>>> print(open('input.cif').read())   # mmCIF, C-alpha atoms and all ligand atoms
data_coords
#
loop_
_atom_site.label_atom_id
_atom_site.label_comp_id
_atom_site.auth_asym_id
_atom_site.auth_seq_id
_atom_site.Cartn_x
_atom_site.Cartn_y
_atom_site.Cartn_z
CA MET A 232 -3.39 7.28 22.53
CA ARG A 233 -6.61 5.34 22.73
CA THR A 234 -7.06 1.92 21.19
CA ILE A 235 -10.50 1.36 19.70
CA THR A 236 -11.79 -1.92 18.34
CA ASP A 237 -15.46 -1.08 17.84
CA PRO A 238 -16.21 0.63 14.50
CA ARG A 239 -19.31 2.41 15.87
CA GLU A 240 -17.34 3.87 18.78
CA LEU A 241 -14.74 5.16 16.32
CA GLN A 242 -17.36 6.70 14.05
CA GLU A 243 -19.20 8.43 16.89
CA LEU A 244 -15.98 9.92 18.22
CA CYS A 245 -14.89 11.09 14.77
CA ILE A 246 -18.27 12.67 14.00
CA GLN A 247 -17.96 14.58 17.27
CA TRP A 248 -14.48 15.74 16.38
CA ARG A 249 -15.64 16.96 12.98
CA GLN A 250 -18.54 18.81 14.62
CA GLN A 251 -15.98 20.53 16.82
CA GLY A 252 -14.16 21.66 13.67
CA LEU A 253 -11.20 19.31 14.14
CA THR A 254 -9.52 17.78 11.09
CA ILE A 255 -8.75 14.07 10.99
CA GLY A 256 -5.83 12.40 9.26
CA LEU A 257 -5.80 8.69 8.50
CA VAL A 258 -2.99 6.16 8.07
CA PRO A 259 -4.42 2.76 7.09
CA THR A 260 -2.10 -0.20 7.68
CA MET A 261 -2.00 -3.94 8.19
CA GLY A 262 0.51 -3.54 11.02
CA PHE A 263 3.95 -5.01 11.75
CA PHE A 264 5.26 -1.50 11.44
CA HIS A 265 8.50 -0.54 9.73
CA ALA A 266 9.95 2.82 8.78
CA GLY A 267 7.62 3.04 5.75
CA HIS A 268 4.56 3.04 8.01
CA LEU A 269 6.21 5.48 10.41
CA SER A 270 7.01 7.86 7.53
CA LEU A 271 3.28 8.05 6.74
CA MET A 272 2.47 8.83 10.38
CA ASP A 273 5.24 11.45 10.47
CA TYR A 274 3.74 13.06 7.40
CA VAL A 275 0.13 13.07 8.58
CA ARG A 276 0.69 14.11 12.19
CA PRO A 277 1.43 17.82 11.61
CA ARG A 278 -1.25 18.11 8.93
CA CYS A 279 -4.30 17.36 11.03
CA ASN A 280 -5.71 17.89 14.52
CA ARG A 281 -6.36 14.20 15.17
CA MET A 282 -4.40 11.31 13.71
CA ILE A 283 -5.93 7.86 13.39
CA VAL A 284 -3.75 4.87 12.58
CA THR A 285 -5.63 1.73 11.62
CA LEU A 286 -4.27 -1.76 12.04
CA PHE A 287 -6.41 -4.30 10.27
CA VAL A 288 -5.32 -7.34 8.30
CA ASN A 289 -8.27 -7.15 5.98
CA PRO A 290 -9.37 -10.68 5.06
CA THR A 291 -11.31 -9.63 1.96
CA GLN A 292 -8.16 -8.53 0.14
CA PHE A 293 -6.49 -11.94 0.51
CA GLY A 294 -7.23 -14.70 -1.98
CA PRO A 295 -7.36 -18.42 -1.19
CA GLY A 296 -3.88 -19.77 -0.47
CA GLU A 297 -2.42 -16.33 0.26
CA ASP A 298 -0.73 -15.35 3.52
CA LEU A 299 -3.71 -14.08 5.55
CA GLU A 300 -3.10 -16.54 8.37
CA ALA A 301 0.66 -16.14 8.31
CA TYR A 302 0.73 -12.34 8.06
CA PRO A 303 3.27 -11.11 10.63
CA HIS A 304 1.97 -9.27 13.67
CA ASP A 305 3.22 -7.73 16.91
CA PHE A 306 0.42 -5.72 18.41
CA GLU A 307 2.33 -4.53 21.50
CA ARG A 308 5.20 -3.18 19.44
CA ASP A 309 2.91 -1.55 16.87
CA SER A 310 0.86 0.01 19.62
CA GLN A 311 3.95 1.52 21.23
CA LEU A 312 5.20 2.81 17.86
CA ALA A 313 1.86 4.44 17.01
CA LYS A 314 1.88 6.04 20.45
CA ASP A 315 5.45 7.28 19.89
CA GLN A 316 4.26 8.83 16.62
CA ASP A 317 1.63 10.69 18.64
CA ALA A 318 -1.38 8.97 17.11
CA ASP A 319 -4.62 9.87 18.89
CA ILE A 320 -6.32 6.59 18.01
CA LEU A 321 -5.13 3.15 17.07
CA PHE A 322 -8.12 1.47 15.45
CA ALA A 323 -7.65 -2.31 15.54
CA PRO A 324 -10.94 -4.09 14.88
CA GLU A 325 -11.60 -7.80 14.61
CA ALA A 326 -12.65 -8.98 11.15
CA GLY A 327 -16.13 -9.82 12.46
CA ALA A 328 -16.61 -6.22 13.61
CA MET A 329 -15.82 -4.92 10.13
CA TYR A 330 -17.78 -7.46 8.10
CA ASP A 331 -21.17 -8.85 9.02
CA SER A 332 -21.65 -12.46 8.01
CA ASP A 333 -23.97 -11.31 5.22
CA HIS A 334 -21.80 -8.43 4.06
CA ALA A 335 -22.77 -7.87 0.43
CA THR A 336 -21.47 -4.48 -0.71
CA TRP A 337 -18.24 -4.09 -2.64
CA VAL A 338 -16.36 -1.17 -4.12
CA ASN A 339 -14.57 -1.88 -7.36
CA VAL A 340 -12.40 0.04 -9.80
CA PRO A 341 -12.13 -2.61 -12.51
CA ASP A 342 -10.28 -0.53 -15.12
CA LEU A 343 -7.26 -0.19 -12.86
CA SER A 344 -7.54 -3.46 -10.97
CA THR A 345 -7.01 -6.18 -13.54
CA GLY A 346 -3.36 -5.60 -14.51
CA LEU A 347 -0.18 -5.73 -12.41
CA CYS A 348 -1.01 -7.18 -8.97
CA GLY A 349 -4.62 -7.69 -10.06
CA GLY A 350 -3.44 -10.33 -12.55
CA SER A 351 -2.48 -12.83 -9.88
CA ARG A 352 -4.65 -11.32 -7.11
CA PRO A 353 -8.05 -10.95 -8.81
CA ILE A 354 -10.09 -9.98 -5.70
CA HIS A 355 -7.36 -8.02 -3.96
CA PHE A 356 -8.28 -4.49 -4.97
CA GLN A 357 -11.98 -5.03 -4.43
CA GLY A 358 -11.12 -5.91 -0.84
CA VAL A 359 -8.80 -2.90 -0.55
CA CYS A 360 -11.32 -0.44 -2.02
CA THR A 361 -14.10 -1.73 0.18
CA VAL A 362 -12.15 -1.58 3.41
CA VAL A 363 -10.61 1.80 2.62
CA THR A 364 -14.07 3.20 1.83
CA LYS A 365 -15.31 1.84 5.16
CA LEU A 366 -12.35 3.47 6.93
CA PHE A 367 -13.14 6.80 5.24
CA MET A 368 -16.77 6.53 6.37
CA LEU A 369 -15.80 5.55 9.91
CA THR A 370 -13.10 8.16 10.44
CA GLN A 371 -14.49 11.12 8.50
CA ALA A 372 -10.86 11.76 7.53
CA SER A 373 -10.09 14.80 5.41
CA LEU A 374 -6.55 13.56 4.68
CA ALA A 375 -5.21 10.06 4.20
CA ALA A 376 -1.66 8.96 3.35
CA PHE A 377 -0.66 5.92 1.33
CA GLY A 378 2.76 4.69 0.22
CA GLU A 379 3.96 4.73 -3.37
CA LYS A 380 5.36 1.27 -2.68
CA ASP A 381 1.81 0.08 -3.44
CA TRP A 382 1.56 2.32 -6.50
CA GLN A 383 -1.37 0.50 -8.06
CA GLN A 384 -3.30 0.69 -4.79
CA LEU A 385 -2.63 4.42 -4.59
CA ALA A 386 -3.75 4.99 -8.20
CA ILE A 387 -6.93 2.99 -7.57
CA ILE A 388 -7.76 4.82 -4.35
CA ARG A 389 -7.23 8.20 -6.03
CA ARG A 390 -9.60 7.18 -8.81
CA MET A 391 -12.17 5.77 -6.39
CA VAL A 392 -12.13 8.95 -4.29
CA ARG A 393 -12.54 11.09 -7.39
CA ASP A 394 -15.28 8.96 -8.93
CA LEU A 395 -17.30 8.66 -5.71
CA ASN A 396 -16.74 12.26 -4.54
CA ILE A 397 -15.36 11.07 -1.23
CA PRO A 398 -14.34 14.20 0.71
CA VAL A 399 -10.78 13.15 1.55
CA GLU A 400 -7.43 14.29 0.16
CA ILE A 401 -5.16 11.42 -0.81
CA HIS A 402 -1.44 11.98 -0.32
CA GLY A 403 1.06 9.54 -1.85
CA ARG A 404 4.39 9.19 -0.08
CA PRO A 405 7.78 7.94 -1.33
CA ILE A 406 9.02 4.40 -0.86
CA VAL A 407 11.16 3.96 2.25
CA ARG A 408 14.01 1.53 1.67
CA GLU A 409 16.55 -0.44 3.66
CA ALA A 410 20.13 0.82 3.39
CA ASP A 411 20.80 -1.69 0.59
CA GLY A 412 17.79 -0.53 -1.45
CA LEU A 413 15.24 -3.23 -0.61
CA ALA A 414 11.80 -1.62 -0.27
CA MET A 415 10.64 -2.00 3.31
CA SER A 416 7.75 -4.42 3.68
CA SER A 417 6.20 -6.38 6.51
CA ARG A 418 6.58 -9.39 4.22
CA ASN A 419 10.38 -9.06 4.21
CA ALA A 420 10.08 -10.97 7.50
CA TYR A 421 9.37 -14.08 5.42
CA LEU A 422 12.80 -13.98 3.74
CA THR A 423 15.56 -16.41 4.71
CA GLU A 424 19.03 -14.96 5.19
CA GLU A 425 20.05 -16.00 1.70
CA GLU A 426 16.90 -14.59 0.11
CA ARG A 427 17.27 -11.35 2.04
CA ALA A 428 20.85 -11.01 0.76
CA CYS A 429 19.67 -11.27 -2.87
CA ALA A 430 16.48 -9.21 -2.62
CA PRO A 431 18.09 -5.75 -3.12
CA ALA A 432 18.73 -6.82 -6.73
CA ILE A 433 15.05 -6.06 -7.40
CA HIS A 434 15.54 -2.36 -6.73
CA ALA A 435 18.96 -2.39 -8.40
CA GLY A 436 17.37 -3.83 -11.56
CA LEU A 437 14.73 -1.10 -11.58
CA GLU A 438 17.33 1.62 -11.06
CA ALA A 439 19.48 0.26 -13.87
CA ALA A 440 16.39 0.23 -16.11
CA ALA A 441 15.73 3.87 -15.25
CA ALA A 442 19.29 4.69 -16.34
CA LEU A 443 18.75 2.78 -19.58
CA VAL A 444 15.65 4.86 -20.35
CA ARG A 445 17.39 8.09 -19.40
CA ASN A 446 20.15 7.13 -21.84
CA GLY A 447 17.63 6.92 -24.65
CA GLU A 448 16.09 3.44 -24.72
CA ARG A 449 12.45 3.85 -25.76
CA ASP A 450 11.28 0.31 -26.38
CA ALA A 451 9.35 -1.00 -23.37
CA GLU A 452 9.90 -4.66 -24.28
CA THR A 453 13.67 -4.13 -24.28
CA VAL A 454 13.50 -2.41 -20.90
CA LYS A 455 11.30 -5.17 -19.43
CA ASN A 456 13.68 -7.87 -20.68
CA PHE A 457 16.57 -5.94 -19.22
CA ILE A 458 14.85 -5.82 -15.81
CA ARG A 459 13.98 -9.52 -16.07
CA ASP A 460 17.62 -10.41 -16.75
CA ARG A 461 18.95 -8.20 -13.95
CA ILE A 462 16.53 -9.56 -11.39
CA GLY A 463 17.03 -13.12 -12.66
CA ASP A 464 20.82 -12.81 -12.25
CA GLY A 465 20.60 -11.13 -8.84
CA VAL A 466 17.81 -13.21 -7.32
CA PRO A 467 18.35 -16.68 -8.85
CA MET A 468 15.76 -18.23 -6.52
CA GLY A 469 13.16 -15.61 -7.54
CA ARG A 470 10.25 -16.02 -9.93
CA ALA A 471 8.75 -12.93 -11.49
CA ASP A 472 4.98 -12.60 -11.17
CA TYR A 473 5.08 -9.61 -13.50
CA ILE A 474 7.48 -7.05 -14.87
CA GLU A 475 5.61 -4.19 -16.52
CA LEU A 476 5.99 -0.67 -17.83
CA VAL A 477 2.77 1.30 -17.47
CA GLU A 478 1.45 4.83 -17.61
CA PRO A 479 1.71 6.08 -14.03
CA ASP A 480 -1.92 7.21 -13.61
CA SER A 481 -3.96 5.04 -15.98
CA LEU A 482 -1.72 1.98 -15.42
CA LYS A 483 -2.12 1.17 -19.12
CA PRO A 484 0.78 -0.84 -20.57
CA VAL A 485 3.33 1.24 -22.48
CA ARG A 486 5.02 0.09 -25.70
CA ASN A 487 7.02 3.12 -26.72
CA ILE A 488 8.31 5.32 -23.96
CA THR A 489 7.44 8.90 -24.85
CA ALA A 490 6.39 10.18 -21.41
CA PRO A 491 7.23 9.29 -17.81
CA VAL A 492 6.55 5.62 -17.11
CA LEU A 493 6.25 3.44 -14.09
CA ALA A 494 8.30 0.27 -14.05
CA ALA A 495 6.55 -2.12 -11.66
CA VAL A 496 7.48 -5.62 -10.59
CA ALA A 497 6.32 -8.42 -8.33
CA VAL A 498 8.73 -11.23 -7.60
CA PHE A 499 8.19 -14.37 -5.57
CA VAL A 500 11.24 -14.94 -3.39
CA GLY A 501 10.72 -18.04 -1.29
CA ARG A 502 7.51 -17.51 0.69
CA ALA A 503 7.49 -13.79 0.05
CA ARG A 504 5.89 -11.99 -2.85
CA LEU A 505 7.82 -8.73 -3.07
CA ILE A 506 6.65 -5.71 -5.03
CA ASP A 507 8.61 -2.64 -6.03
CA ASN A 508 8.39 0.10 -8.61
CA GLN A 509 10.28 2.99 -10.08
CA TYR A 510 8.94 6.15 -11.63
CA ILE A 511 11.07 6.89 -14.70
CA GLU A 512 11.31 10.34 -16.26
CA VAL A 513 12.23 10.53 -19.93
P1 LIG B 1 0.59 -2.24 4.66
O1 LIG B 1 0.63 -2.33 6.15
O2 LIG B 1 1.64 -3.05 3.97
O3 LIG B 1 -0.80 -2.43 4.09
O4 LIG B 1 0.97 -0.73 4.32
C1 LIG B 1 0.29 0.34 4.90
C2 LIG B 1 0.68 1.60 4.17
O5 LIG B 1 2.09 1.77 4.26
C3 LIG B 1 0.32 1.56 2.69
O6 LIG B 1 -0.11 2.85 2.28
C4 LIG B 1 1.64 1.20 2.05
O7 LIG B 1 1.76 1.67 0.73
C5 LIG B 1 2.60 1.93 2.96
N1 LIG B 1 3.93 1.35 2.85
C6 LIG B 1 4.25 0.02 2.96
N2 LIG B 1 5.57 -0.14 2.76
C7 LIG B 1 6.09 1.09 2.52
C8 LIG B 1 7.39 1.57 2.23
N3 LIG B 1 8.46 0.77 2.15
N4 LIG B 1 7.55 2.90 2.04
C9 LIG B 1 6.49 3.74 2.11
N5 LIG B 1 5.24 3.34 2.37
C10 LIG B 1 5.04 2.03 2.58
#
>>> encode(input="input.cif", output="structure tokens")
Amino acid sequence: MRTITDPRELQELCIQWRQQGLTIGLVPTMGFFHAGHLSLMDYVRPRCNRMIVTLFVNPTQFGPGEDLEAYPHDFERDSQLAKDQDADILFAPEAGAMYDSDHATWVNVPDLSTGLCGGSRPIHFQGVCTVVTKLFMLTQASLAAFGEKDWQQLAIIRRMVRDLNIPVEIHGRPIVREADGLAMSSRNAYLTEEERACAPAIHAGLEAAAALVRNGERDAETVKNFIRDRIGDGVPMGRADYIELVEPDSLKPVRNITAPVLAAVAVFVGRARLIDNQYIEV
């Protein structure tokens, strides 16, 4: 595995690979790898000739007062893990190499970016779309994998790729969880022991809501209140940022559940803002 920090070097190499007829698979990450990241690498590896894992804590997707500075990192460990997953390239640029001081071009998908996480993180998805577009341009990837844990991000990237005719296939992958149900996240490192012990109640609340819907409940408000109560009981120190039921692709809020819905939540638990979601069939 080669580690590359210079975007131009990466792009030149990838253009050469494409000219040789090799396919390139991409796994974009912010590092501090857990089994969720590794599952994406596992998935991409056999589906392409060259696998590129990117490790970049993208400053433009963090708002003021968010955890950009505190974001957990362990480059040596991540590097070893990417190598163990048989990545060809670990791309780990500095922020200054990705953004010139007069960077002025942004990619936006406003229709899908204002609700859910966009409510409390208004510039987040603009930063995500811009950096992911840059990664597509740099790597020439024909396949890229993203986790369903960040469902809204995945929906936005799918729409962006469709709307801009970007020649890459987007593959969404299931949420990898801890044994007790907590969705794996680099940010789980922020949790105290007590918070960590309560956090699985987020997933448990979503699962119980799915059962409620399967048993016939069709009123979204009732289901949202149910989730709020379950999470409130299980994570007493938590504060919900949002609890929503939306259409899985358009992310439009749902009132009456007549088709599969996505229940999505973000909960502040101590220093951590944890997100999770559950796709619910009817
Ligand atoms: P991050 O490093 O948090 O930006 O995540 C990099 C990629 O890993 C994104 O596509 C995430 O959706 C995905 N990911 C993060 N956590 C999980 C998880 N628990 N299960 C599956 N994919 C995940």
>>> closest_residue(input="input.cif", among="A:Phe356, A:His268, A:Val492, A:Ala471", to="Leu343 (chain A)", atoms="only C-alpha atoms")
A:Phe356
>>> residues_around(input="input.cif", residues="region 397-399 of chain A", least_positions_apart="5", cutoff="8 Å", atoms="only C-alpha atoms", output="MDAnalysis selection string")
chainID A and resid 367 372:375 392
>>> closest_atom_pairs(input="input.cif", of="chain A", to="ligand LIG 1 (chain B)", cutoff="9 Å", atoms="all atoms listed in the file", output="Markdown table")
| residue | atom | partner | partner_atom | distance |
| --- | --- | --- | --- | --- |
| A:Val258 | CA | B:LIG1 | C2 | 7.0 |
| A:Pro259 | CA | B:LIG1 | C1 | 5.7 |
| A:Thr260 | CA | B:LIG1 | C1 | 3.7 |
| A:Met261 | CA | B:LIG1 | O1 | 3.7 |
| A:Gly262 | CA | B:LIG1 | O1 | 5.0 |
| A:Phe263 | CA | B:LIG1 | O1 | 7.0 |
| A:Phe264 | CA | B:LIG1 | O1 | 7.1 |
| A:His265 | CA | B:LIG1 | N2 | 7.6 |
| A:Ala266 | CA | B:LIG1 | N3 | 7.1 |
| A:Gly267 | CA | B:LIG1 | N4 | 3.7 |
| A:His268 | CA | B:LIG1 | O5 | 4.7 |
| A:Leu269 | CA | B:LIG1 | O5 | 8.3 |
| A:Ser270 | CA | B:LIG1 | C9 | 6.8 |
| A:Leu271 | CA | B:LIG1 | N5 | 6.7 |
| A:Leu286 | CA | B:LIG1 | O1 | 7.7 |
| A:Phe287 | CA | B:LIG1 | O1 | 8.4 |
| A:Val288 | CA | B:LIG1 | O3 | 7.9 |
| A:Ala376 | CA | B:LIG1 | O6 | 6.4 |
| A:Phe377 | CA | B:LIG1 | O6 | 3.3 |
| A:Gly378 | CA | B:LIG1 | O7 | 3.2 |
| A:Glu379 | CA | B:LIG1 | O7 | 5.6 |
| A:Lys380 | CA | B:LIG1 | O7 | 5.0 |
| A:Asp381 | CA | B:LIG1 | O7 | 4.5 |
| A:Trp382 | CA | B:LIG1 | O7 | 7.3 |
| A:Gln384 | CA | B:LIG1 | O7 | 7.6 |
| A:Leu385 | CA | B:LIG1 | O7 | 7.4 |
| A:Gly403 | CA | B:LIG1 | O6 | 7.9 |
| A:Arg404 | CA | B:LIG1 | C9 | 6.2 |
| A:Pro405 | CA | B:LIG1 | C9 | 5.6 |
| A:Ile406 | CA | B:LIG1 | N4 | 3.6 |
| A:Val407 | CA | B:LIG1 | N4 | 3.8 |
| A:Arg408 | CA | B:LIG1 | N3 | 5.6 |
| A:Glu409 | CA | B:LIG1 | N3 | 8.3 |
| A:Leu413 | CA | B:LIG1 | N3 | 8.3 |
| A:Ala414 | CA | B:LIG1 | N3 | 4.8 |
| A:Met415 | CA | B:LIG1 | N3 | 3.7 |
| A:Ser416 | CA | B:LIG1 | N2 | 4.9 |
| A:Ser417 | CA | B:LIG1 | O2 | 6.2 |
| A:Arg418 | CA | B:LIG1 | O2 | 8.0 |
| A:Asp507 | CA | B:LIG1 | N3 | 8.9 |
>>> atom_distance(input="input.cif", atom1="CA of Arg390 (chain A)", atom2="CA of Ala494 (chain A)")
19.9 Å
>>> residues_near_point(input="input.cif", point="(22.6, -6.2, -16.9)", cutoff="9 Å", atoms="all atoms listed in the file", output="PyMOL selection string")
chain A and resi 436+439-440+457-458+460-462+464
>>> residues_around(input="input.cif", residues="Met368 (chain A)", least_positions_apart="6", cutoff="12 Å", atoms="all atoms listed in the file", output="MDAnalysis selection string")
chainID A and resid 238:239 241:243 245:246 255 257 361:362 392 397:399
>>> atom_distance(input="input.cif", atom1="CA of His434 (chain A)", atom2="CA of Ala313 (chain A)")
28.2 Å
>>> closest_residue(input="input.cif", among="A:Arg486, A:Arg445, A:Arg427, A:Arg352", to="Asp472 (chain A)", atoms="all atoms listed in the file")
A:Arg352
>>> closest_residue(input="input.cif", among="A:Gln316, A:Asn487, A:Gln383, A:Asn419", to="Ser344 (chain A)", atoms="only C-alpha atoms")
A:Gln383
>>> closest_residue(input="input.cif", among="A:Leu395, A:Met468, A:Cys429, A:Ile511", to="Ala442 (chain A)", atoms="all atoms listed in the file")
A:Ile511
>>> axis_aligned_box(input="input.cif", around="region 304-309 of chain A", padding_each_side="8 Å", output="JSON")
{"center_x": 2.8, "center_y": -5.4, "center_z": 17.6, "size_x": 20.8, "size_y": 23.7, "size_z": 23.8}
>>> closest_residue(input="input.cif", among="A:Arg276, A:Arg449, A:Arg470, A:Arg281", to="Val498 (chain A)", atoms="only C-alpha atoms")
A:Arg470
>>> atom_distance(input="input.cif", atom1="CA of Ala410 (chain A)", atom2="CA of Tyr302 (chain A)")
23.9 Å
>>> residues_around(input="input.cif", residues="Ile283 (chain A)", least_positions_apart="6", cutoff="7 Å", atoms="only C-alpha atoms", output="VMD selection string")
chain A and resid 256 to 258 318 to 321
>>> closest_residue(input="input.cif", among="A:Asp333, A:Leu422, A:Asp480, A:Asn280", to="Ile388 (chain A)", atoms="only C-alpha atoms")
A:Asp480
>>> residues_around(input="input.cif", residues="Glu475 (chain A)", least_positions_apart="6", cutoff="12 Å", atoms="only C-alpha atoms", output="ChimeraX atom specification")
/A:346-348,350,383,437,440,451-459,482-486,492-498,506-510
>>> decode(input="input.cif", residues="region 394-403 of chain A", atoms="all heavy atoms", output="compact mmCIF listing (two decimals), in the first residue's frame")
# COMPACT_ATOMS: atom_id res chain seq x y z
N ASP A 394 -27.59 13.77 -10.87
CA ASP A 394 -27.84 15.09 -11.46
C ASP A 394 -26.64 15.61 -12.25
O ASP A 394 -26.82 16.31 -13.24
CB ASP A 394 -28.19 16.11 -10.36
CG ASP A 394 -29.57 15.86 -9.77
OD1 ASP A 394 -30.30 15.02 -10.31
OD2 ASP A 394 -29.91 16.52 -8.76
N LEU A 395 -25.45 15.30 -11.81
CA LEU A 395 -24.24 15.83 -12.47
C LEU A 395 -23.61 14.82 -13.44
O LEU A 395 -22.52 15.07 -13.96
CB LEU A 395 -23.20 16.25 -11.42
CG LEU A 395 -23.62 17.39 -10.49
CD1 LEU A 395 -22.50 17.72 -9.51
CD2 LEU A 395 -24.00 18.64 -11.28
N ASN A 396 -24.28 13.67 -13.64
CA ASN A 396 -23.75 12.65 -14.56
C ASN A 396 -22.32 12.25 -14.21
O ASN A 396 -21.46 12.09 -15.09
CB ASN A 396 -23.79 13.15 -16.02
CG ASN A 396 -25.18 13.58 -16.42
OD1 ASN A 396 -25.50 14.76 -16.40
ND2 ASN A 396 -26.01 12.62 -16.75
N ILE A 397 -22.05 12.10 -12.95
CA ILE A 397 -20.70 11.67 -12.55
C ILE A 397 -20.60 10.17 -12.81
O ILE A 397 -21.48 9.40 -12.38
CB ILE A 397 -20.44 12.01 -11.06
CG1 ILE A 397 -20.60 13.52 -10.83
CG2 ILE A 397 -19.03 11.54 -10.65
CD1 ILE A 397 -20.43 13.96 -9.39
N PRO A 398 -19.55 9.72 -13.52
CA PRO A 398 -19.51 8.31 -13.93
C PRO A 398 -19.00 7.39 -12.83
O PRO A 398 -17.94 6.77 -12.95
CB PRO A 398 -18.57 8.34 -15.14
CG PRO A 398 -17.66 9.49 -14.89
CD PRO A 398 -18.43 10.50 -14.08
N VAL A 399 -19.75 7.30 -11.75
CA VAL A 399 -19.37 6.43 -10.64
C VAL A 399 -20.63 5.75 -10.13
O VAL A 399 -21.71 6.35 -10.10
CB VAL A 399 -18.69 7.26 -9.51
CG1 VAL A 399 -19.59 8.33 -8.95
CG2 VAL A 399 -18.19 6.34 -8.38
N GLU A 400 -20.50 4.48 -9.78
CA GLU A 400 -21.63 3.75 -9.17
C GLU A 400 -21.54 3.90 -7.67
O GLU A 400 -20.49 3.62 -7.09
CB GLU A 400 -21.50 2.25 -9.48
CG GLU A 400 -22.29 1.76 -10.63
CD GLU A 400 -22.11 0.25 -10.78
OE1 GLU A 400 -22.09 -0.48 -9.77
OE2 GLU A 400 -21.96 -0.16 -11.93
N ILE A 401 -22.65 4.29 -7.06
CA ILE A 401 -22.67 4.44 -5.60
C ILE A 401 -23.31 3.20 -4.98
O ILE A 401 -24.43 2.83 -5.35
CB ILE A 401 -23.49 5.70 -5.21
CG1 ILE A 401 -22.92 6.95 -5.89
CG2 ILE A 401 -23.52 5.86 -3.69
CD1 ILE A 401 -21.48 7.24 -5.57
N HIS A 402 -22.60 2.60 -4.04
CA HIS A 402 -23.13 1.43 -3.36
C HIS A 402 -23.31 1.75 -1.87
O HIS A 402 -22.35 2.15 -1.21
CB HIS A 402 -22.18 0.24 -3.51
CG HIS A 402 -22.11 -0.29 -4.91
ND1 HIS A 402 -22.22 -1.63 -5.21
CD2 HIS A 402 -21.98 0.35 -6.10
CE1 HIS A 402 -22.15 -1.78 -6.53
NE2 HIS A 402 -22.00 -0.60 -7.09
N GLY A 403 -24.54 1.62 -1.39
CA GLY A 403 -24.82 1.83 0.04
C GLY A 403 -24.66 0.51 0.78
O GLY A 403 -25.04 -0.54 0.26
